[in-house]
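File shown: target.pdb. Contents: PDB, C-alpha atoms.
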```
MODEL        1
ATOM      1  CA  MET A   1      -9.222  -8.483 -15.795
ATOM      2  CA  SER A   2      -7.658 -11.825 -16.623
ATOM      3  CA  HIS A   3      -8.090 -14.814 -14.343
ATOM      4  CA  PHE A   4      -5.692 -17.081 -16.237
ATOM      5  CA  THR A   5      -3.179 -18.960 -14.098
ATOM      6  CA  THR A   6      -0.207 -20.992 -15.385
ATOM      7  CA  ILE A   7       1.030 -24.117 -13.634
ATOM      8  CA  GLN A   8       4.460 -25.517 -14.491
ATOM      9  CA  THR A   9       4.202 -29.197 -15.279
ATOM     10  CA  GLN A  10       6.327 -31.985 -16.688
ATOM     11  CA  ILE A  11       4.288 -32.352 -19.881
ATOM     12  CA  LYS A  12       6.866 -33.431 -22.456
ATOM     13  CA  ASP A  13       4.844 -35.591 -24.845
ATOM     14  CA  ILE A  14       1.986 -33.919 -26.692
ATOM     15  CA  GLU A  15       0.704 -37.226 -28.111
ATOM     16  CA  SER A  16       0.288 -38.603 -24.574
ATOM     17  CA  LEU A  17      -1.552 -35.402 -23.632
ATOM     18  CA  ARG A  18      -3.737 -35.847 -26.727
ATOM     19  CA  ALA A  19      -4.552 -39.433 -25.638
ATOM     20  CA  ALA A  20      -5.361 -38.296 -22.082
ATOM     21  CA  SER A  21      -7.607 -35.540 -23.417
ATOM     22  CA  ALA A  22      -9.373 -37.987 -25.741
ATOM     23  CA  GLU A  23      -9.997 -40.354 -22.834
ATOM     24  CA  LEU A  24     -11.810 -37.483 -21.113
ATOM     25  CA  ASN A  25     -13.720 -36.884 -24.380
ATOM     26  CA  LEU A  26     -11.885 -33.597 -24.937
ATOM     27  CA  ALA A  27     -10.145 -32.369 -28.085
ATOM     28  CA  LEU A  28      -6.551 -31.115 -28.186
ATOM     29  CA  LEU A  29      -6.339 -28.383 -30.804
ATOM     30  CA  GLN A  30      -3.120 -26.987 -32.242
ATOM     31  CA  ASN A  31      -2.446 -23.224 -32.454
ATOM     32  CA  ALA A  32      -5.746 -22.086 -30.939
ATOM     33  CA  ASP A  33      -7.163 -19.689 -28.355
ATOM     34  CA  ALA A  34      -8.353 -20.849 -24.937
ATOM     35  CA  ARG A  35     -11.550 -19.275 -23.629
ATOM     36  CA  GLY A  36     -11.624 -17.574 -20.235
ATOM     37  CA  PHE A  37     -13.733 -15.321 -18.033
ATOM     38  CA  VAL A  38     -15.963 -12.738 -19.783
ATOM     39  CA  GLY A  39     -14.647 -13.480 -23.267
ATOM     40  CA  THR A  40     -10.949 -13.202 -22.485
ATOM     41  CA  THR A  41      -8.671 -15.560 -24.380
ATOM     42  CA  ARG A  42      -5.160 -16.933 -24.071
ATOM     43  CA  HIS A  43      -3.312 -18.225 -27.120
ATOM     44  CA  GLY A  44      -1.910 -21.740 -26.877
ATOM     45  CA  ASP A  45       0.519 -23.782 -28.902
ATOM     46  CA  TYR A  46      -2.182 -26.342 -28.102
ATOM     47  CA  VAL A  47      -5.560 -25.947 -26.400
ATOM     48  CA  VAL A  48      -7.548 -28.577 -24.527
ATOM     49  CA  ARG A  49     -11.090 -27.646 -25.604
ATOM     50  CA  LEU A  50     -13.399 -28.208 -22.652
ATOM     51  CA  LYS A  51     -17.176 -28.641 -22.784
ATOM     52  CA  GLY A  52     -17.797 -25.745 -20.378
ATOM     53  CA  PRO A  53     -17.082 -22.043 -20.934
ATOM     54  CA  PHE A  54     -13.294 -22.191 -20.356
ATOM     55  CA  ASP A  55     -10.365 -24.079 -21.931
ATOM     56  CA  ILE A  56      -6.752 -24.954 -21.119
ATOM     57  CA  ALA A  57      -3.907 -23.321 -23.062
ATOM     58  CA  VAL A  58      -0.813 -25.526 -23.400
ATOM     59  CA  ASN A  59       2.378 -23.581 -24.160
ATOM     60  CA  GLN A  60       5.973 -24.682 -24.456
ATOM     61  CA  GLN A  61       8.185 -23.278 -21.714
ATOM     62  CA  PRO A  62      11.865 -22.267 -22.069
ATOM     63  CA  ASP A  63      12.973 -25.670 -20.681
ATOM     64  CA  GLY A  64      11.051 -27.513 -23.431
ATOM     65  CA  THR A  65       8.247 -28.790 -21.176
ATOM     66  CA  PHE A  66       4.693 -27.513 -21.481
ATOM     67  CA  GLY A  67       2.825 -25.385 -18.974
ATOM     68  CA  LEU A  68      -0.933 -25.485 -18.554
ATOM     69  CA  THR A  69      -2.836 -22.195 -18.286
ATOM     70  CA  THR A  70      -6.522 -21.841 -17.535
ATOM     71  CA  ASP A  71      -9.113 -19.688 -15.844
ATOM     72  CA  TRP A  72     -10.119 -21.517 -12.630
ATOM     73  CA  TRP A  73     -13.040 -19.173 -11.893
ATOM     74  CA  ASN A  74     -16.224 -20.820 -10.621
ATOM     75  CA  GLY A  75     -14.958 -24.418 -10.818
ATOM     76  CA  HIS A  76     -15.748 -25.056 -14.494
ATOM     77  CA  VAL A  77     -12.310 -26.450 -15.364
ATOM     78  CA  GLU A  78     -11.990 -28.416 -12.116
ATOM     79  CA  GLN A  79     -15.272 -30.223 -12.882
ATOM     80  CA  GLU A  80     -13.896 -31.510 -16.181
ATOM     81  CA  VAL A  81     -10.226 -32.266 -15.478
ATOM     82  CA  GLY A  82      -9.998 -32.413 -11.680
ATOM     83  CA  LYS A  83      -8.500 -30.205  -9.020
ATOM     84  CA  GLU A  84      -5.231 -28.692 -10.281
ATOM     85  CA  TYR A  85      -5.669 -30.745 -13.485
ATOM     86  CA  GLY A  86      -5.531 -33.949 -11.393
ATOM     87  CA  ARG A  87      -7.466 -36.321 -13.690
ATOM     88  CA  LEU A  88      -5.870 -34.918 -16.849
ATOM     89  CA  LEU A  89      -2.339 -35.224 -15.434
ATOM     90  CA  GLN A  90      -3.054 -38.710 -14.054
ATOM     91  CA  LEU A  91      -4.184 -39.908 -17.482
ATOM     92  CA  TYR A  92      -1.238 -38.154 -19.138
ATOM     93  CA  GLY A  93       1.084 -40.144 -16.841
ATOM     94  CA  VAL A  94      -0.738 -43.386 -17.624
ATOM     95  CA  HIS A  95      -0.486 -42.832 -21.385
ATOM     96  CA  LYS A  96       3.151 -41.690 -21.248
ATOM     97  CA  ALA A  97       4.251 -44.621 -19.067
ATOM     98  CA  SER A  98       2.296 -47.091 -21.212
ATOM     99  CA  LYS A  99       3.831 -45.691 -24.400
ATOM    100  CA  GLU A 100       7.363 -45.998 -23.003
ATOM    101  CA  ALA A 101       6.717 -49.518 -21.692
ATOM    102  CA  ARG A 102       5.381 -50.698 -25.066
ATOM    103  CA  ARG A 103       8.389 -49.083 -26.776
ATOM    104  CA  LYS A 104      10.562 -51.354 -24.603
ATOM    105  CA  GLY A 105       8.558 -54.432 -25.590
ATOM    106  CA  LEU A 106       6.428 -54.704 -22.452
ATOM    107  CA  SER A 107       2.696 -55.312 -22.256
ATOM    108  CA  VAL A 108       0.677 -52.944 -20.105
ATOM    109  CA  LEU A 109      -2.387 -53.811 -18.047
ATOM    110  CA  ARG A 110      -4.445 -51.031 -16.445
ATOM    111  CA  GLN A 111      -6.324 -51.578 -13.211
ATOM    112  CA  PRO A 112      -8.525 -48.776 -11.870
ATOM    113  CA  GLN A 113      -8.373 -48.662  -8.075
ATOM    114  CA  ARG A 114     -11.238 -47.891  -5.679
ATOM    115  CA  ASN A 115      -9.565 -44.668  -4.547
ATOM    116  CA  GLY A 116      -9.510 -43.312  -8.123
ATOM    117  CA  SER A 117      -5.886 -44.103  -8.837
ATOM    118  CA  ILE A 118      -4.802 -46.268 -11.752
ATOM    119  CA  LYS A 119      -2.406 -49.170 -11.267
ATOM    120  CA  LEU A 120      -0.237 -50.136 -14.231
ATOM    121  CA  ILE A 121       1.098 -53.671 -14.444
ATOM    122  CA  LEU A 122       4.006 -54.118 -16.842
ATOM    123  CA  VAL A 123       4.597 -57.608 -18.216
ATOM    124  CA  GLY A 124       7.793 -58.593 -20.036
ATOM    125  CA  ALA A 125       7.849 -60.840 -23.062
TER     126      ALA A 125
ENDMDL
END
```
If you convert what's in this file into structure tokens, what do you get?
Amino acid sequence: MSHFTTIQTQIKDIESLRAASAELNLALLQNADARGFVGTTRHGDYVVRLKGPFDIAVNQQPDGTFGLTTDWWNGHVEQEVGKEYGRLLQLYGVHKASKEARRKGLSVLRQPQRNGSIKLILVGA
């Protein structure tokens, strides 16, 4: 029995996802299999290799964005990337926004907030 669940996301930039994964000390592998419950696997165009027993498969959807699929059983994935991928998606957004700002010639300052959010300050030249 598979426990894998896919969540539609707005992941459009694999390099920003790679940077977010690296910030969490996780590898983003290309063309790999994600581990799930009792040895089940799910193939991914990319796979976020977690430290625990499960991984996250990242597959391109028909609309060109990427969906995230994982086995949520027993909280292993949530411990590493947050509830519903919260920390991973937050860092993806930070890296994507920073990349776009720098592309437009802006400097980016990051300020972690007490509530766990991250404030980005964009400064023009």
Would you kindly return, as a PyMOL selection string, each protein, DNA or RNA residue with an atom no farther than 12 Å from any atom of Ala101 (chain A), considering all atoms listed in the file and excluding same-chain residues fewer than 4 positions away? chain A and resi 93-97+105-109+120-125
What residues come out when you apply the PyMOL selection byres ((chain A and resi 55-65) around 10) to this file, written as a ChimeraX atom specification? /A:4-6,8-14,17,28-36,41-54,66-72,76-77,81,85
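The spacing separating CA of Tyr92 (chain A) from CA of Gly39 (chain A) amounts to 28.4 Å.
Pairwise distance (CA of Ala27 (chain A), CA of Arg87 (chain A)) equals 15.2 Å.
Taking CA of Gln90 (chain A) as the reference point, CA of Thr40 (chain A) is found at 28.0 Å.
The closest residue to Ser21 (chain A), picked from A:Pro112, A:Leu91, A:Ile118, A:Ser98 and counting only C-alpha atoms, is A:Leu91.
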